[in-house]
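This is final21.txt. It holds compact mmCIF, C-alpha atoms and all ligand atoms.
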# COMPACT_ATOMS: atom_id res chain seq x y z
CA MET A 1 93.23 100.83 73.02
CA GLN A 2 92.15 103.51 75.48
CA LYS A 3 94.09 106.74 75.68
CA PRO A 4 96.34 106.64 78.75
CA SER A 5 94.95 108.68 81.64
CA GLY A 6 95.52 109.38 85.30
CA PRO A 7 98.82 109.63 87.20
CA ARG A 8 101.52 108.07 84.99
CA GLU A 9 104.57 110.37 84.87
CA LYS A 10 107.33 110.03 87.44
CA ILE A 11 108.27 113.32 89.08
CA ILE A 12 109.90 114.34 92.37
CA PRO A 13 107.51 116.92 93.89
CA GLU A 14 108.97 120.03 95.53
CA GLY A 15 109.97 119.31 99.12
CA ASP A 16 109.81 115.57 98.58
CA ASP A 17 112.72 113.19 98.21
CA ARG A 18 111.33 110.46 96.02
CA GLU A 19 109.52 109.87 92.77
CA ARG A 20 105.73 110.02 92.71
CA LEU A 21 103.33 109.50 89.83
CA SER A 22 101.82 112.66 88.40
CA CYS A 23 99.12 113.14 85.76
CA PRO A 24 100.41 115.21 82.83
CA ASP A 25 96.83 116.13 81.88
CA CYS A 26 95.68 117.67 85.14
CA GLY A 27 98.72 117.92 87.44
CA TYR A 28 97.37 115.63 90.15
CA ILE A 29 100.11 113.91 92.17
CA ARG A 30 99.45 110.48 93.57
CA TYR A 31 101.11 109.60 96.85
CA ASP A 32 101.14 105.85 96.89
CA ASN A 33 100.89 104.53 100.37
CA PRO A 34 100.89 100.95 101.52
CA LYS A 35 97.43 99.46 101.73
CA ILE A 36 96.02 97.89 104.86
CA ILE A 37 94.35 94.50 104.55
CA VAL A 38 92.11 93.57 107.46
CA GLY A 39 90.57 90.17 108.05
CA VAL A 40 89.88 87.34 110.43
CA VAL A 41 90.86 83.85 111.38
CA ALA A 42 87.46 82.84 112.67
CA THR A 43 86.36 79.56 114.18
CA TRP A 44 83.14 77.79 115.10
CA GLU A 45 84.09 75.23 117.73
CA ASP A 46 87.15 73.57 116.16
CA ARG A 47 86.32 74.52 112.59
CA TYR A 48 87.88 77.29 110.53
CA LEU A 49 85.91 79.70 108.37
CA MET A 50 87.23 79.88 104.82
CA CYS A 51 85.99 81.30 101.52
CA ARG A 52 86.62 80.20 97.95
CA ARG A 53 87.48 83.24 95.89
CA ALA A 54 85.08 84.33 93.16
CA ILE A 55 87.51 86.96 91.90
CA ASN A 56 91.07 87.22 90.77
CA PRO A 57 93.79 86.99 91.87
CA ARG A 58 93.60 83.28 92.73
CA LYS A 59 89.99 82.79 91.74
CA GLY A 60 88.77 79.35 92.85
CA PHE A 61 91.29 79.06 95.69
CA TRP A 62 90.52 79.16 99.39
CA THR A 63 91.25 82.14 101.58
CA LEU A 64 90.37 83.81 104.86
CA PRO A 65 87.84 86.66 104.87
CA ALA A 66 89.96 89.79 104.36
CA GLY A 67 90.08 92.91 102.25
CA PHE A 68 91.06 96.55 102.05
CA MET A 69 90.42 98.63 105.13
CA GLU A 70 88.24 101.64 104.34
CA ILE A 71 89.01 105.17 105.49
CA ASP A 72 86.16 105.60 107.95
CA GLU A 73 86.56 102.49 110.07
CA THR A 74 88.81 100.98 112.68
CA SER A 75 90.89 97.95 111.73
CA ALA A 76 88.69 95.71 113.89
CA ALA A 77 85.49 97.07 112.34
CA GLY A 78 86.97 96.51 108.89
CA ALA A 79 87.83 92.92 109.73
CA ALA A 80 84.28 92.24 110.89
CA ARG A 81 82.89 93.98 107.80
CA GLU A 82 84.96 91.80 105.49
CA ALA A 83 83.76 88.65 107.29
CA TYR A 84 80.21 89.75 106.70
CA GLU A 85 80.77 90.78 103.09
CA GLU A 86 82.54 87.59 102.08
CA ALA A 87 80.84 84.95 104.24
CA ARG A 88 77.81 86.64 105.83
CA ALA A 89 79.49 85.73 109.10
CA ASP A 90 78.40 87.13 112.44
CA LEU A 91 81.38 87.00 114.73
CA SER A 92 83.06 88.35 117.83
CA LEU A 93 86.60 89.61 117.48
CA ASP A 94 89.07 88.58 120.11
CA ARG A 95 92.47 90.20 119.52
CA LEU A 96 95.00 90.96 116.84
CA LEU A 97 96.48 87.62 115.77
CA CYS A 98 98.87 88.55 112.95
CA LEU A 99 100.58 91.59 111.56
CA TYR A 100 102.26 90.74 108.27
CA ASP A 101 104.50 93.07 106.28
CA LEU A 102 104.26 92.47 102.54
CA PRO A 103 106.36 95.24 101.00
CA HIS A 104 106.61 93.45 97.63
CA ILE A 105 102.89 94.16 97.17
CA SER A 106 102.81 97.28 99.38
CA GLN A 107 100.51 95.74 101.94
CA LEU A 108 100.30 95.50 105.66
CA GLN A 109 97.93 92.75 106.79
CA LEU A 110 96.14 92.76 110.13
CA LEU A 111 94.25 89.58 110.94
CA TYR A 112 92.12 89.30 114.05
CA ARG A 113 91.27 86.13 115.93
CA ALA A 114 87.50 85.74 116.07
CA THR A 115 84.79 83.30 117.02
CA LEU A 116 81.58 82.89 115.08
CA ASN A 117 78.41 83.68 116.98
CA SER A 118 76.57 81.21 114.75
CA PRO A 119 77.58 78.60 112.17
CA ASP A 120 75.21 80.17 109.65
CA ILE A 121 77.40 81.41 106.83
CA SER A 122 76.80 81.97 103.15
CA CYS A 123 78.52 83.40 100.09
CA GLY A 124 78.90 87.11 99.56
CA PRO A 125 79.56 88.43 96.04
CA GLU A 126 83.30 87.77 96.21
CA SER A 127 82.95 84.11 97.28
CA LEU A 128 82.14 81.01 95.21
CA ASP A 129 81.78 78.92 98.31
CA VAL A 130 82.23 79.20 102.06
CA GLY A 131 83.01 76.47 104.56
CA LEU A 132 83.81 75.57 108.14
CA PHE A 133 86.72 73.14 108.13
CA PRO A 134 88.24 71.04 110.89
CA TRP A 135 92.02 71.49 110.78
CA ALA A 136 92.68 68.21 108.98
CA ASP A 137 90.08 68.96 106.31
CA ILE A 138 91.29 72.45 105.43
CA PRO A 139 91.82 72.48 101.65
CA TRP A 140 95.58 72.76 102.10
CA ASP A 141 96.36 72.07 98.46
CA ASN A 142 94.14 74.87 97.25
CA ILE A 143 95.06 77.78 99.46
CA ALA A 144 95.04 81.18 97.76
CA PHE A 145 98.01 82.91 99.39
CA PRO A 146 101.02 82.09 101.58
CA THR A 147 99.70 84.43 104.27
CA VAL A 148 96.61 82.22 104.63
CA HIS A 149 98.89 79.32 105.54
CA TRP A 150 100.79 81.50 107.97
CA ALA A 151 97.68 82.80 109.67
CA LEU A 152 96.06 79.39 110.09
CA HIS A 153 99.23 78.05 111.69
CA HIS A 154 99.61 81.13 113.86
CA HIS A 155 96.04 80.71 115.02
CA ARG A 156 96.81 77.16 116.01
CA ASP A 157 100.00 78.24 117.80
CA ALA A 158 97.97 80.67 119.92
CA ILE A 159 95.24 78.26 120.99
CA GLY A 160 94.83 78.55 124.74
CA GLN A 161 96.71 81.86 124.88
CA ASP A 162 94.82 84.96 125.86
CA VAL A 163 97.57 87.54 125.90
CA PHE A 164 100.21 87.46 123.19
CA PRO A 165 101.94 89.80 120.76
CA PRO A 166 100.69 89.53 117.18
CA PHE A 167 102.56 87.03 115.07
CA GLY A 168 104.70 88.49 112.30
CA ASN A 169 106.01 87.05 109.05
CA PRO A 170 107.50 83.61 109.72
CA PRO A 171 111.31 83.94 109.75
CA GLY A 172 112.70 83.29 106.30
CA ALA A 173 109.30 82.77 104.71
CA SER A 174 108.47 84.42 101.44
CA ALA A 175 105.03 85.87 100.90
CA ARG A 176 105.49 85.75 97.14
CA MET A 177 103.36 83.24 95.33
CA GLY A 178 105.29 80.00 95.14
CA GLY A 179 107.34 81.05 98.16
CA ASN A 180 107.92 78.59 100.94
CA GLY A 181 104.80 79.71 102.72
CA ASN A 182 102.62 78.24 100.01
CA MET N 1 92.95 131.22 92.27
CA GLN N 2 94.20 128.07 90.59
CA LYS N 3 91.88 126.10 88.36
CA PRO N 4 90.63 123.05 90.28
CA SER N 5 92.37 119.86 89.22
CA GLY N 6 92.72 116.23 90.19
CA PRO N 7 90.10 113.86 91.62
CA ARG N 8 87.20 116.01 92.90
CA GLU N 9 83.88 114.55 91.68
CA LYS N 10 82.06 111.94 93.75
CA ILE N 11 81.05 108.87 91.75
CA ILE N 12 80.26 105.26 92.59
CA PRO N 13 82.47 103.21 90.24
CA GLU N 14 81.02 100.12 88.55
CA GLY N 15 81.21 97.11 90.85
CA ASP N 16 81.86 99.27 93.88
CA ASP N 17 79.43 100.13 96.65
CA ARG N 18 80.61 103.51 97.83
CA GLU N 19 81.51 106.94 96.56
CA ARG N 20 85.04 107.59 95.34
CA LEU N 21 86.61 110.79 94.02
CA SER N 22 87.06 110.93 90.26
CA CYS N 23 88.78 113.49 88.06
CA PRO N 24 86.38 114.94 85.47
CA ASP N 25 89.33 116.01 83.30
CA CYS N 26 91.06 112.66 82.90
CA GLY N 27 88.78 110.00 84.40
CA TYR N 28 91.22 108.86 87.09
CA ILE N 29 89.50 107.35 90.14
CA ARG N 30 91.13 107.75 93.51
CA TYR N 31 90.63 104.99 96.03
CA ASP N 32 91.30 106.61 99.34
CA ASN N 33 92.77 104.17 101.79
CA PRO N 34 93.72 104.75 105.36
CA LYS N 35 97.31 105.83 105.79
CA ILE N 36 99.80 104.04 107.98
CA ILE N 37 101.90 106.12 110.37
CA VAL N 38 105.00 104.38 111.68
CA GLY N 39 107.21 105.63 114.47
CA VAL N 40 109.05 104.92 117.67
CA VAL N 41 109.00 105.46 121.38
CA ALA N 42 112.75 105.39 121.81
CA THR N 43 114.79 105.72 124.96
CA TRP N 44 118.40 106.25 125.96
CA GLU N 45 118.71 104.91 129.49
CA ASP N 46 115.67 106.48 131.20
CA ARG N 47 115.29 109.35 128.76
CA TYR N 48 112.74 109.65 125.96
CA LEU N 49 113.58 110.83 122.46
CA MET N 50 111.30 113.63 121.30
CA CYS N 51 111.29 116.11 118.42
CA ARG N 52 109.90 119.62 118.19
CA ARG N 53 107.96 119.94 114.95
CA ALA N 54 109.27 122.29 112.26
CA ILE N 55 106.15 121.79 110.15
CA ASN N 56 102.42 122.02 110.49
CA PRO N 57 100.21 120.69 111.89
CA ARG N 58 101.29 121.61 115.41
CA LYS N 59 104.52 123.34 114.44
CA GLY N 60 106.60 124.10 117.55
CA PHE N 61 105.08 121.30 119.61
CA TRP N 62 106.81 118.13 120.74
CA THR N 63 106.21 114.77 119.19
CA LEU N 64 107.65 111.31 118.75
CA PRO N 65 109.53 110.47 115.54
CA ALA N 66 106.83 109.15 113.20
CA GLY N 67 105.56 109.59 109.68
CA PHE N 68 103.93 107.98 106.67
CA MET N 69 105.02 104.45 105.87
CA GLU N 70 106.32 104.21 102.31
CA ILE N 71 105.28 101.49 99.87
CA ASP N 72 108.58 99.64 99.63
CA GLU N 73 109.36 99.10 103.30
CA THR N 74 108.24 97.09 106.28
CA SER N 75 106.55 98.88 109.15
CA ALA N 76 109.65 98.37 111.33
CA ALA N 77 111.98 99.69 108.63
CA GLY N 78 109.69 102.70 108.21
CA ALA N 79 109.76 103.42 111.93
CA ALA N 80 113.57 103.33 111.98
CA ARG N 81 113.71 105.52 108.84
CA GLU N 82 111.49 108.16 110.46
CA ALA N 83 113.67 108.18 113.59
CA TYR N 84 116.68 108.83 111.39
CA GLU N 85 114.95 111.46 109.24
CA GLU N 86 113.57 113.45 112.16
CA ALA N 87 116.23 113.02 114.83
CA ARG N 88 119.25 111.41 113.11
CA ALA N 89 118.74 108.64 115.66
CA ASP N 90 120.46 105.28 115.40
CA LEU N 91 118.32 102.80 117.26
CA SER N 92 117.36 99.18 117.74
CA LEU N 93 113.69 98.31 117.49
CA ASP N 94 112.29 96.00 120.11
CA ARG N 95 108.65 95.22 119.42
CA LEU N 96 105.35 96.77 118.41
CA LEU N 97 104.27 98.93 121.35
CA CYS N 98 101.05 100.58 120.11
CA LEU N 99 98.50 100.15 117.38
CA TYR N 100 96.15 103.11 117.34
CA ASP N 101 93.07 103.43 115.14
CA LEU N 102 92.35 107.02 114.16
CA PRO N 103 89.44 106.77 111.72
CA HIS N 104 88.57 110.47 112.04
CA ILE N 105 91.82 111.22 110.22
CA SER N 106 91.97 107.90 108.30
CA GLN N 107 95.14 106.76 110.01
CA LEU N 108 96.43 103.63 111.59
CA GLN N 109 99.46 104.28 113.78
CA LEU N 110 102.09 101.66 114.56
CA LEU N 111 104.66 102.70 117.13
CA TYR N 112 107.59 100.47 117.99
CA ARG N 113 109.48 100.39 121.25
CA ALA N 114 113.14 101.11 120.59
CA THR N 115 116.40 101.83 122.35
CA LEU N 116 118.96 104.28 121.05
CA ASN N 117 122.34 102.82 120.18
CA SER N 118 123.90 106.19 120.98
CA PRO N 119 122.68 109.43 122.57
CA ASP N 120 123.92 111.38 119.54
CA ILE N 121 120.84 112.91 117.97
CA SER N 122 120.28 116.02 115.88
CA CYS N 123 117.57 117.75 113.92
CA GLY N 124 116.38 116.51 110.58
CA PRO N 125 114.56 118.92 108.24
CA GLU N 126 111.19 118.39 109.94
CA SER N 127 112.46 119.14 113.46
CA LEU N 128 113.21 122.47 115.14
CA ASP N 129 114.79 120.73 118.08
CA VAL N 130 115.36 117.24 119.43
CA GLY N 131 115.80 116.11 123.00
CA LEU N 132 116.23 113.23 125.41
CA PHE N 133 113.92 113.81 128.36
CA PRO N 134 113.63 112.06 131.70
CA TRP N 135 109.95 111.27 132.33
CA ALA N 136 109.42 114.20 134.70
CA ASP N 137 110.98 116.65 132.27
CA ILE N 138 108.97 115.68 129.20
CA PRO N 139 107.42 118.91 127.85
CA TRP N 140 103.94 117.72 128.83
CA ASP N 141 102.30 121.08 128.25
CA ASN N 142 103.56 121.31 124.70
CA ILE N 143 102.80 117.89 123.26
CA ALA N 144 101.72 117.89 119.62
CA PHE N 145 99.07 115.15 119.58
CA PRO N 146 96.99 113.07 122.00
CA THR N 147 98.58 109.89 120.60
CA VAL N 148 101.98 111.11 121.81
CA HIS N 149 100.60 111.19 125.36
CA TRP N 150 99.10 107.75 124.93
CA ALA N 151 102.28 106.22 123.56
CA LEU N 152 104.53 107.66 126.26
CA HIS N 153 102.23 106.29 128.95
CA HIS N 154 101.93 102.95 127.19
CA HIS N 155 105.69 102.75 127.00
CA ARG N 156 105.87 103.33 130.73
CA ASP N 157 103.17 100.70 131.36
CA ALA N 158 105.24 98.14 129.47
CA ILE N 159 108.56 98.75 131.24
CA GLY N 160 109.94 95.40 132.33
CA GLN N 161 107.62 93.48 130.02
CA ASP N 162 109.12 91.56 127.15
CA VAL N 163 106.08 89.90 125.66
CA PHE N 164 102.84 91.84 125.42
CA PRO N 165 100.12 92.63 122.92
CA PRO N 166 100.35 96.10 121.41
CA PHE N 167 98.44 98.74 123.32
CA GLY N 168 95.39 100.14 121.56
CA ASN N 169 93.50 103.41 121.93
CA PRO N 170 92.88 104.09 125.62
CA PRO N 171 89.24 103.24 126.41
CA GLY N 172 87.09 106.32 126.03
CA ALA N 173 89.94 108.53 124.93
CA SER N 174 89.51 110.83 121.98
CA ALA N 175 92.33 111.28 119.52
CA ARG N 176 90.89 114.53 118.30
CA MET N 177 92.85 117.62 119.21
CA GLY N 178 91.55 118.87 122.52
CA GLY N 179 90.27 115.39 123.35
CA ASN N 180 90.96 113.96 126.76
CA GLY N 181 94.22 112.44 125.60
CA ASN N 182 95.73 115.88 125.21
ZN ZN G 1 94.76 113.67 85.36
ZN ZN G 2 92.68 114.41 86.22

Could the structure of this file be written out as structure tokens, please?
Ligand SMILES: [Zn+2]
Ligand SMILES: [Zn+2]
Amino acid sequence: MQKPSGPREKIIPEGDDRERLSCPDCGYIRYDNPKIIVGVVATWEDRYLMCRRAINPRKGFWTLPAGFMEIDETSAAGAAREAYEEARADLSLDRLLCLYDLPHISQLQLLYRATLNSPDISCGPESLDVGLFPWADIPWDNIAFPTVHWALHHHRDAIGQDVFPPFGNPPGASARMGGNGN
Amino acid sequence: MQKPSGPREKIIPEGDDRERLSCPDCGYIRYDNPKIIVGVVATWEDRYLMCRRAINPRKGFWTLPAGFMEIDETSAAGAAREAYEEARADLSLDRLLCLYDLPHISQLQLLYRATLNSPDISCGPESLDVGLFPWADIPWDNIAFPTVHWALHHHRDAIGQDVFPPFGNPPGASARMGGNGN
């Protein structure tokens, strides 16, 4: 077993009002902030771009291209970057489709509506497979996360709409695995 | 001078494709993610809630109630929390008004439109003063950040609108201090 390292002791820093993790070896204090996930619901004609995950969690299940926003990019640029990294997709972003709050995993998800500029897609390192699925052929029984369900349905709800507020968490839906979104 | 501590050496971790800061004393790797700022543009009748900053940056200047989203809350709950912490405001959130990308400071800002349930406001620890200002009396010459300008104008643009996409960065505007938003 490795010696424990890094921030692991709960302290309340001076001037703060809640516990943060501190490293007893070097004094570093980690301020945990929610992470931003950026991604796309992207289509080619009436087909949806999806990726089969090559990594855990939910390896082997289908998802939308999405991942952690990096510090030096806009949310839209991050969404396009993830689409390239996971599916080698070249796409045009339209507008923010969904804004999901997932406090149980400390995430805020921003998914953009996008259209592919070409149907040429292929696997990046985090994908086992990529596909363009007509709605009826989406691998509904093998979806990675509840939010993927939500976003696909929200995309469909917005078809034909140009100007709309981003969709939020469906009322009453749980984003936990096995929740009613899955 | 204090001995340097905490993550301070640039390394590219295994499986990653960009530099991250690591601590040479304990091996901890810090993944820097963009931070989420949540806040409100809140009104009482035709007056705007603003706070004069008691802390740096921009101590003494006027801002909107806003701050870092915490890990265990939704963005809307965080916005309401900040309004309470900075102005003891009791308010009802309406909808997401603005979504600003500020990659030069690694921030994503989410500002909600809100109405005060009562005009009773007072200073929290991070405010020197709080006020409810009619549009013409907003302390325009002493605004803390360009985004405060943007959000006030975006709020005004949305008056009478119930359903609208969140406003983004004004085209061509700079969010840097001294940029054309300020
Ligand atoms: Zn340490
Ligand atoms: Zn350390």

Residues of chain A within 6 Å of chain N, only C-alpha atoms counted, as a PyMOL selection string:
chain A and resi 5-6+26+28+33-34+70-74+101+103+106+164-165

Closest to Trp62 (chain A) among A:Pro170, A:Gly160, A:Pro139, A:Pro146, using all atoms listed in the file?
A:Pro139

Taking (74.3, 80.8, 113.1) in the coordinates of the supplied file, I want to know which residues reach to within 12 Å of it, counting all atoms listed in the file; could you give the answer as number ranges by chain?
A: 44, 87-91, 115-122, 132

Choose the residue, out of N:Ala144, N:Glu82, N:Ile55, N:Glu9, that has the smallest atom-to-atom separation from ligand ZN 2 (chain G); count all atoms listed in the file.
N:Glu9

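Protein and nucleic acid residues near (106.7, 106.9, 127.5) are N:Val41, N:Ala42, N:Thr43, N:Asp46, N:Arg47, N:Tyr48, N:Leu49, N:Leu64, N:Arg113, N:Pro134, N:Trp135, N:Ile138, N:Val148, N:His149, N:Trp150, N:Ala151, N:Leu152, N:His153, N:His154, N:His155, N:Arg156, N:Asp157, N:Ala158, N:Ile159, the criterion being any atom at most 10 Å away using all atoms listed in the file.
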
N:Thr147, N:Ala175, N:Gln161, N:Ser127 ranked by distance to Lys59 (chain N), top pick (using only C-alpha atoms)
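So, comparing all the options, the nearest one is N:Ser127.
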
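The coordinates place CA of Arg176 (chain N) at 24.4 Å from CA of Arg81 (chain A).
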
Would you work out the distance separating CA of Asn142 (chain A) from CA of Ser92 (chain A), expressed in Å to one decimal?
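Answer for the CA of Asn142 (chain A) to CA of Ser92 (chain A) separation: 27.0 Å.
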
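Taking CA of Asp137 (chain N) as the reference point, CA of Ile37 (chain N) is found at 25.9 Å.
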
From the set N:Val130, N:Cys51, N:Ala173, N:Leu21, which residue has the shortest atom-to-atom contact distance to ligand ZN 2 (chain G), counting all atoms listed in the file?
N:Leu21
